[in-house]
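As structure tokens, the structure follows; a few thoughts come after it.
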Amino acid sequence: MATIRDVARLADVSVATVSNVLNSADRVSPELAARVRAAMEKLSFTPHAGARSLRKRSSGLIGLVVGDITNPFFSDLFEAVEDAAAACGYLVLLCNSNERSEREEAHLRMLRTQRIDGLILAPTGAVSMNRASLLAQLEVPVVLVDRAMEGLGYDAVVLDNRRAGFEATQQLIACGHRRIGLVNGPDVLRTAAERLAGYREALLAAGLSFDPALVRDAGFRQQPAEQAMAELLALPEPPTAIFATNNLMTIGVAKAVADRGLACPQDISLIGIDDLPWAAAVSPQLSAIAQPVRAMGEAALALLIRRLAGTLSGPGTTIVMEPRLVIRRSCGAPAQELSAAGKPAHVD
């Protein structure tokens, strides 16, 4: 089926122009309107009736606030939400909190002035009175994505983060590692807290003790992760494997390993979260926990549309997406086991 984006491309106009034509907006010139209608006819485009009825007396705008737009996870999420919203005749206002609560709050104030019809939010932290108040003042449906917040009653789409942490750590244990470092985000974020819980659960299941000295909070950022990894490598007994809980931190960890002349997986094994295209292009190819990011974005938009249409009511619905372990070459046996087996512990 043709989408509003397809019509805009064929007519050589913006999605906003197509949306205005659908709404009989008088600010569209007759020439542009004719081009849009011709494109609709050629593509056999049928406007989404439910979405059109929802947009009467509304702005036709949806707000999307993400934690860090430099993180490919969030840029992919934006693309998925925007595509799904365009198919329903909505435009998306993207806001980047840069993982700072004060910036997120400023965006929420701004979005209220734009009279958005709904909001999709990846929050920067735990529930606060100020954030809860700002969200309530929007007076629109809110869907949380990637990061849930307890007690607010909003719909949410999240990964099974506990399982993701468990499977990544379990894979490293299966390779023979017993000292496994964790480079994580702040535990005030439920995402990070649950990945830590999965990590601890896997250690417990294997009869291994939890060592807090092997855990570092790098704020889901690359530079702090590089520093965290340097600290872990400087320990009297450094870890032989690392689990980094997002793609930016995985890059920081890998850089710290390379800067010290160490090889992966010969000297240290590595597994991350987010199976991005570069994970299979680097050497060694990176083992990772894949997140269904596009499905998460589409599900979040679908929940929002249902709230706007009135076909979903009552307490918030939480959709939990399953992670997928992708095993590649960045995970191997610890160096001491390779040496004991008569194999070189380090390969240049």
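Every chain in the structure tokens has a letter given in the order shown (A, B, ...), and although residue numbers restart at 1 in each chain, ligands are simply numbered from 1 in the order shown.
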* **Residue neighbourhood region 19-23 of chain A, 7 Å, only C-alpha atoms, exclusion window fewer than 4 positions, as a PyMOL selection string** => chain A and resi 15+28+33+89
Quick one: write out the picked residues with all heavy atoms as a CSV table (one decimal), in the first residue's frame?
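New file out-v3.csv:
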```
chain,number,residue,atom,x,y,z
A,15,VAL,N,6.0,16.0,3.0
A,15,VAL,CA,4.9,15.3,3.7
A,15,VAL,C,3.9,16.2,4.3
A,15,VAL,O,2.7,15.9,4.2
A,15,VAL,CB,5.5,14.3,4.7
A,15,VAL,CG1,4.3,13.7,5.5
A,15,VAL,CG2,6.3,13.2,4.1
A,28,VAL,N,-2.4,25.8,0.8
A,28,VAL,CA,-1.7,25.0,-0.3
A,28,VAL,C,-2.2,25.6,-1.6
A,28,VAL,O,-3.4,25.7,-1.9
A,28,VAL,CB,-2.0,23.5,-0.2
A,28,VAL,CG1,-1.3,22.8,-1.4
A,28,VAL,CG2,-1.6,22.9,1.1
A,33,ALA,N,-1.6,21.5,-4.9
A,33,ALA,CA,-2.7,20.6,-4.6
A,33,ALA,C,-3.0,19.6,-5.8
A,33,ALA,O,-3.3,18.4,-5.6
A,33,ALA,CB,-4.0,21.4,-4.2
A,89,GLY,N,-0.6,9.9,8.5
A,89,GLY,CA,-0.9,11.3,8.3
A,89,GLY,C,-0.4,12.3,9.4
A,89,GLY,O,-0.8,13.4,9.4
```
* To do: Please provide the set of residues having any atom within 10 Å of Ala241 (chain A), restricted to only C-alpha atoms, with same-chain residues fewer than 2 positions apart removed, written as an NGL selection string.
  => :A and (169 or 172-173 or 175-182 or 238-239 or 243-244 or 264-265 or 267-271 or 330-334)
* Contacts of Ala168 (chain A) within 12 Å, only C-alpha atoms, excl. fewer than 2 positions in-chain, as a ChimeraX atom specification -> /A:161-166,170-175,180-182,195-196,198-203,241-246,269-274,287-290,323-327,331
* Which of these, A:Leu32, A:Ala87, A:Val183, A:Ala258, has the shortest distance to Arg221 (chain A) once you count only C-alpha atoms? -> A:Val183
* Asked: Which residues come within 10 Å of Arg307 (chain A), counting only C-alpha atoms, excluding same-chain residues fewer than 3 positions away, as an MDAnalysis selection string?
  -> chainID A and resid 118 140:143 155 301:304 310:314
Can you spit out the residues from that selection as a PDB file, in the first residue's frame, using N, CA, C and O atoms?
```
ATOM      1  N   GLY A 118       0.077  13.802  20.683  1.00  0.00           N
ATOM      2  CA  GLY A 118       0.542  12.696  21.504  1.00  0.00           C
ATOM      3  C   GLY A 118       2.051  12.747  21.635  1.00  0.00           C
ATOM      4  O   GLY A 118       2.731  13.475  20.896  1.00  0.00           O
ATOM      5  N   VAL A 140      -2.204  14.904  26.757  1.00  0.00           N
ATOM      6  CA  VAL A 140      -2.258  14.055  25.561  1.00  0.00           C
ATOM      7  C   VAL A 140      -1.800  12.656  25.953  1.00  0.00           C
ATOM      8  O   VAL A 140      -1.140  12.467  26.989  1.00  0.00           O
ATOM      9  N   PRO A 141      -2.124  11.650  25.136  1.00  0.00           N
ATOM     10  CA  PRO A 141      -1.602  10.303  25.418  1.00  0.00           C
ATOM     11  C   PRO A 141      -0.076  10.283  25.353  1.00  0.00           C
ATOM     12  O   PRO A 141       0.537  10.961  24.525  1.00  0.00           O
ATOM     13  N   VAL A 142       0.526   9.492  26.238  1.00  0.00           N
ATOM     14  CA  VAL A 142       1.984   9.356  26.300  1.00  0.00           C
ATOM     15  C   VAL A 142       2.338   7.874  26.226  1.00  0.00           C
ATOM     16  O   VAL A 142       1.727   7.049  26.919  1.00  0.00           O
ATOM     17  N   VAL A 143       3.307   7.543  25.389  1.00  0.00           N
ATOM     18  CA  VAL A 143       3.829   6.184  25.313  1.00  0.00           C
ATOM     19  C   VAL A 143       5.325   6.236  25.593  1.00  0.00           C
ATOM     20  O   VAL A 143       6.061   7.012  24.969  1.00  0.00           O
ATOM     21  N   ASP A 155       1.376   3.766  28.683  1.00  0.00           N
ATOM     22  CA  ASP A 155       1.756   2.636  27.851  1.00  0.00           C
ATOM     23  C   ASP A 155       3.272   2.650  27.665  1.00  0.00           C
ATOM     24  O   ASP A 155       3.920   3.707  27.726  1.00  0.00           O
ATOM     25  N   LEU A 301       4.155   3.711  18.257  1.00  0.00           N
ATOM     26  CA  LEU A 301       3.252   4.565  17.476  1.00  0.00           C
ATOM     27  C   LEU A 301       1.853   3.952  17.417  1.00  0.00           C
ATOM     28  O   LEU A 301       0.847   4.661  17.544  1.00  0.00           O
ATOM     29  N   ALA A 302       1.771   2.623  17.257  1.00  0.00           N
ATOM     30  CA  ALA A 302       0.469   1.956  17.192  1.00  0.00           C
ATOM     31  C   ALA A 302      -0.313   2.139  18.493  1.00  0.00           C
ATOM     32  O   ALA A 302      -1.530   2.368  18.470  1.00  0.00           O
ATOM     33  N   LEU A 303       0.373   2.040  19.628  1.00  0.00           N
ATOM     34  CA  LEU A 303      -0.298   2.258  20.911  1.00  0.00           C
ATOM     35  C   LEU A 303      -0.819   3.688  21.006  1.00  0.00           C
ATOM     36  O   LEU A 303      -1.942   3.927  21.486  1.00  0.00           O
ATOM     37  N   LEU A 304      -0.003   4.634  20.554  1.00  0.00           N
ATOM     38  CA  LEU A 304      -0.412   6.040  20.617  1.00  0.00           C
ATOM     39  C   LEU A 304      -1.638   6.290  19.750  1.00  0.00           C
ATOM     40  O   LEU A 304      -2.585   6.970  20.172  1.00  0.00           O
ATOM     41  N   GLY A 310      -9.315   6.227  20.720  1.00  0.00           N
ATOM     42  CA  GLY A 310     -10.240   5.777  21.750  1.00  0.00           C
ATOM     43  C   GLY A 310     -10.494   4.289  21.742  1.00  0.00           C
ATOM     44  O   GLY A 310     -11.406   3.806  22.418  1.00  0.00           O
ATOM     45  N   THR A 311      -9.689   3.527  20.965  1.00  0.00           N
ATOM     46  CA  THR A 311      -9.873   2.076  20.931  1.00  0.00           C
ATOM     47  C   THR A 311      -9.057   1.372  22.014  1.00  0.00           C
ATOM     48  O   THR A 311      -9.142   0.155  22.148  1.00  0.00           O
ATOM     49  N   LEU A 312      -8.268   2.130  22.755  1.00  0.00           N
ATOM     50  CA  LEU A 312      -7.505   1.590  23.884  1.00  0.00           C
ATOM     51  C   LEU A 312      -7.735   2.512  25.066  1.00  0.00           C
ATOM     52  O   LEU A 312      -7.512   3.721  24.980  1.00  0.00           O
ATOM     53  N   SER A 313      -8.186   1.945  26.156  1.00  0.00           N
ATOM     54  CA  SER A 313      -8.472   2.742  27.351  1.00  0.00           C
ATOM     55  C   SER A 313      -8.020   1.977  28.580  1.00  0.00           C
ATOM     56  O   SER A 313      -7.587   0.829  28.497  1.00  0.00           O
ATOM     57  N   GLY A 314      -8.127   2.628  29.715  1.00  0.00           N
ATOM     58  CA  GLY A 314      -7.753   1.971  30.956  1.00  0.00           C
ATOM     59  C   GLY A 314      -6.276   2.088  31.258  1.00  0.00           C
ATOM     60  O   GLY A 314      -5.566   2.930  30.687  1.00  0.00           O
TER      61      GLY A 314
END
```
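Non-sequential neighbours of Ile62 (chain A) (distance at most 8 Å, separation of 6 or more positions within a chain, only C-alpha atoms) are Tyr90, Leu91, Val92, Leu93, Ile116, Asp117, Gly118, Leu119 and Ile120 of chain A.
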Would you write out those residues with all heavy atoms, as a compact mmCIF listing (two decimals), in the first residue's frame?
```txt
# COMPACT_ATOMS: atom_id res chain seq x y z
N TYR A 90 0.55 11.79 10.18
CA TYR A 90 1.12 12.61 11.24
C TYR A 90 2.56 13.01 10.94
O TYR A 90 3.30 12.29 10.26
CB TYR A 90 1.10 11.86 12.57
CG TYR A 90 -0.24 11.83 13.25
CD1 TYR A 90 -1.14 10.80 13.00
CD2 TYR A 90 -0.61 12.84 14.12
CE1 TYR A 90 -2.38 10.78 13.61
CE2 TYR A 90 -1.85 12.82 14.75
CZ TYR A 90 -2.73 11.80 14.49
OH TYR A 90 -3.96 11.79 15.09
N LEU A 91 2.96 14.15 11.47
CA LEU A 91 4.35 14.58 11.44
C LEU A 91 4.94 14.41 12.84
O LEU A 91 4.23 14.49 13.84
CB LEU A 91 4.45 16.05 11.02
CG LEU A 91 3.96 16.38 9.60
CD1 LEU A 91 4.04 17.88 9.36
CD2 LEU A 91 4.78 15.63 8.57
N VAL A 92 6.26 14.20 12.90
CA VAL A 92 6.93 13.94 14.18
C VAL A 92 7.90 15.07 14.50
O VAL A 92 8.75 15.43 13.66
CB VAL A 92 7.69 12.60 14.15
CG1 VAL A 92 8.42 12.37 15.48
CG2 VAL A 92 6.73 11.45 13.87
N LEU A 93 7.78 15.64 15.68
CA LEU A 93 8.74 16.62 16.18
C LEU A 93 9.77 15.89 17.04
O LEU A 93 9.43 15.34 18.09
CB LEU A 93 8.04 17.69 17.01
CG LEU A 93 7.07 18.63 16.27
CD1 LEU A 93 6.44 19.61 17.25
CD2 LEU A 93 7.79 19.37 15.17
N ILE A 116 0.86 19.38 20.55
CA ILE A 116 1.00 18.05 19.97
C ILE A 116 -0.20 17.19 20.33
O ILE A 116 -0.86 17.41 21.34
CB ILE A 116 2.30 17.36 20.44
CG1 ILE A 116 2.34 17.27 21.97
CG2 ILE A 116 3.53 18.07 19.89
CD1 ILE A 116 3.50 16.45 22.51
N ASP A 117 -0.47 16.21 19.49
CA ASP A 117 -1.60 15.30 19.74
C ASP A 117 -1.21 14.14 20.64
O ASP A 117 -2.08 13.51 21.25
CB ASP A 117 -2.14 14.76 18.42
CG ASP A 117 -2.72 15.85 17.54
OD1 ASP A 117 -3.24 16.84 18.10
OD2 ASP A 117 -2.67 15.73 16.31
N GLY A 118 0.08 13.80 20.68
CA GLY A 118 0.54 12.70 21.50
C GLY A 118 2.05 12.75 21.64
O GLY A 118 2.73 13.47 20.90
N LEU A 119 2.58 11.98 22.57
CA LEU A 119 4.02 12.00 22.85
C LEU A 119 4.56 10.58 22.99
O LEU A 119 3.94 9.74 23.64
CB LEU A 119 4.29 12.76 24.16
CG LEU A 119 5.73 12.74 24.67
CD1 LEU A 119 6.65 13.55 23.74
CD2 LEU A 119 5.82 13.28 26.10
N ILE A 120 5.72 10.34 22.38
CA ILE A 120 6.50 9.12 22.60
C ILE A 120 7.79 9.56 23.28
O ILE A 120 8.50 10.42 22.76
CB ILE A 120 6.78 8.37 21.29
CG1 ILE A 120 5.47 7.93 20.65
CG2 ILE A 120 7.68 7.17 21.54
CD1 ILE A 120 5.63 7.27 19.29
```
* **region 231-236 of chain A surroundings by only C-alpha atoms, 9 Å radius, close-in-sequence under 2 positions cut, as an MDAnalysis selection string** => chainID A and resid 181 213:216 226:229 238:239 256:257
I'd like the neighbourhood of Ala225 (chain A) as a PDB file with C-alpha atoms, in the first residue's frame, where a residue qualifies if any of its atoms comes within 6 Å (using only C-alpha atoms), though same-chain residues fewer than 3 positions away should be ignored.
```pdb
ATOM      1  CA  ALA A 218      29.550   4.913  31.980  1.00  0.00           C
ATOM      2  CA  GLN A 222      31.411   6.376  24.571  1.00  0.00           C
ATOM      3  CA  ALA A 228      35.696   2.853  32.680  1.00  0.00           C
ATOM      4  CA  MET A 249      29.857   2.084  25.244  1.00  0.00           C
ATOM      5  CA  GLY A 252      34.532   3.056  24.005  1.00  0.00           C
ATOM      6  CA  VAL A 253      35.471  -0.314  25.476  1.00  0.00           C
TER       7      VAL A 253
END
```
* To do: Could you give me, as JSON, numbers by chain, each residue of region 146-249 of chain A that DSSP assigns to alpha helix (DSSP H) when run on this structure's backbone?
  => {"A": [161, 162, 163, 164, 165, 166, 167, 168, 169, 170, 171, 172, 173, 174, 190, 191, 192, 193, 194, 195, 196, 197, 198, 199, 200, 201, 202, 203, 204, 205, 222, 223, 224, 225, 226, 227, 228, 229, 230, 231, 232, 233, 247, 248, 249]}
Would you output that residue set with C-alpha atoms, as a PDB file, in the first residue's frame?
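This is the output file again_21.pdb:
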```
ATOM      1  CA  ASN A 161      16.448  -6.179  29.487  1.00  0.00           C
ATOM      2  CA  ARG A 162      16.883  -8.715  32.258  1.00  0.00           C
ATOM      3  CA  ARG A 163      16.974 -11.509  29.710  1.00  0.00           C
ATOM      4  CA  ALA A 164      19.382  -9.500  27.540  1.00  0.00           C
ATOM      5  CA  GLY A 165      21.788  -9.118  30.461  1.00  0.00           C
ATOM      6  CA  PHE A 166      21.440 -12.773  31.389  1.00  0.00           C
ATOM      7  CA  GLU A 167      22.061 -14.133  27.873  1.00  0.00           C
ATOM      8  CA  ALA A 168      25.083 -11.917  27.214  1.00  0.00           C
ATOM      9  CA  THR A 169      26.726 -12.859  30.510  1.00  0.00           C
ATOM     10  CA  GLN A 170      25.787 -16.518  30.140  1.00  0.00           C
ATOM     11  CA  GLN A 171      27.506 -16.583  26.735  1.00  0.00           C
ATOM     12  CA  LEU A 172      30.742 -15.251  28.238  1.00  0.00           C
ATOM     13  CA  ILE A 173      30.536 -17.789  31.063  1.00  0.00           C
ATOM     14  CA  ALA A 174      30.031 -20.551  28.487  1.00  0.00           C
ATOM     15  CA  ARG A 190      15.253   0.898  34.606  1.00  0.00           C
ATOM     16  CA  THR A 191      16.965  -0.290  31.407  1.00  0.00           C
ATOM     17  CA  ALA A 192      20.377  -0.312  33.074  1.00  0.00           C
ATOM     18  CA  ALA A 193      19.068  -1.696  36.363  1.00  0.00           C
ATOM     19  CA  GLU A 194      17.465  -4.667  34.623  1.00  0.00           C
ATOM     20  CA  ARG A 195      20.558  -5.409  32.530  1.00  0.00           C
ATOM     21  CA  LEU A 196      22.589  -5.402  35.740  1.00  0.00           C
ATOM     22  CA  ALA A 197      20.042  -7.757  37.327  1.00  0.00           C
ATOM     23  CA  GLY A 198      20.368 -10.158  34.379  1.00  0.00           C
ATOM     24  CA  TYR A 199      24.158 -10.032  34.665  1.00  0.00           C
ATOM     25  CA  ARG A 200      23.998 -10.904  38.370  1.00  0.00           C
ATOM     26  CA  GLU A 201      21.442 -13.640  37.746  1.00  0.00           C
ATOM     27  CA  ALA A 202      23.723 -15.338  35.192  1.00  0.00           C
ATOM     28  CA  LEU A 203      26.657 -15.188  37.605  1.00  0.00           C
ATOM     29  CA  LEU A 204      24.551 -16.710  40.378  1.00  0.00           C
ATOM     30  CA  ALA A 205      23.267 -19.468  38.088  1.00  0.00           C
ATOM     31  CA  GLN A 222      31.411   6.376  24.571  1.00  0.00           C
ATOM     32  CA  GLN A 223      34.028   8.530  26.317  1.00  0.00           C
ATOM     33  CA  PRO A 224      33.061   7.512  29.884  1.00  0.00           C
ATOM     34  CA  ALA A 225      33.054   3.879  28.733  1.00  0.00           C
ATOM     35  CA  GLU A 226      36.604   4.246  27.457  1.00  0.00           C
ATOM     36  CA  GLN A 227      37.659   5.581  30.869  1.00  0.00           C
ATOM     37  CA  ALA A 228      35.696   2.853  32.680  1.00  0.00           C
ATOM     38  CA  MET A 229      37.437   0.178  30.643  1.00  0.00           C
ATOM     39  CA  ALA A 230      40.845   1.694  31.412  1.00  0.00           C
ATOM     40  CA  GLU A 231      40.003   1.461  35.115  1.00  0.00           C
ATOM     41  CA  LEU A 232      38.954  -2.171  34.789  1.00  0.00           C
ATOM     42  CA  LEU A 233      42.144  -3.091  32.935  1.00  0.00           C
ATOM     43  CA  ASN A 247      26.547   0.352  21.257  1.00  0.00           C
ATOM     44  CA  LEU A 248      28.268   3.634  22.173  1.00  0.00           C
ATOM     45  CA  MET A 249      29.857   2.084  25.244  1.00  0.00           C
TER      46      MET A 249
END
```
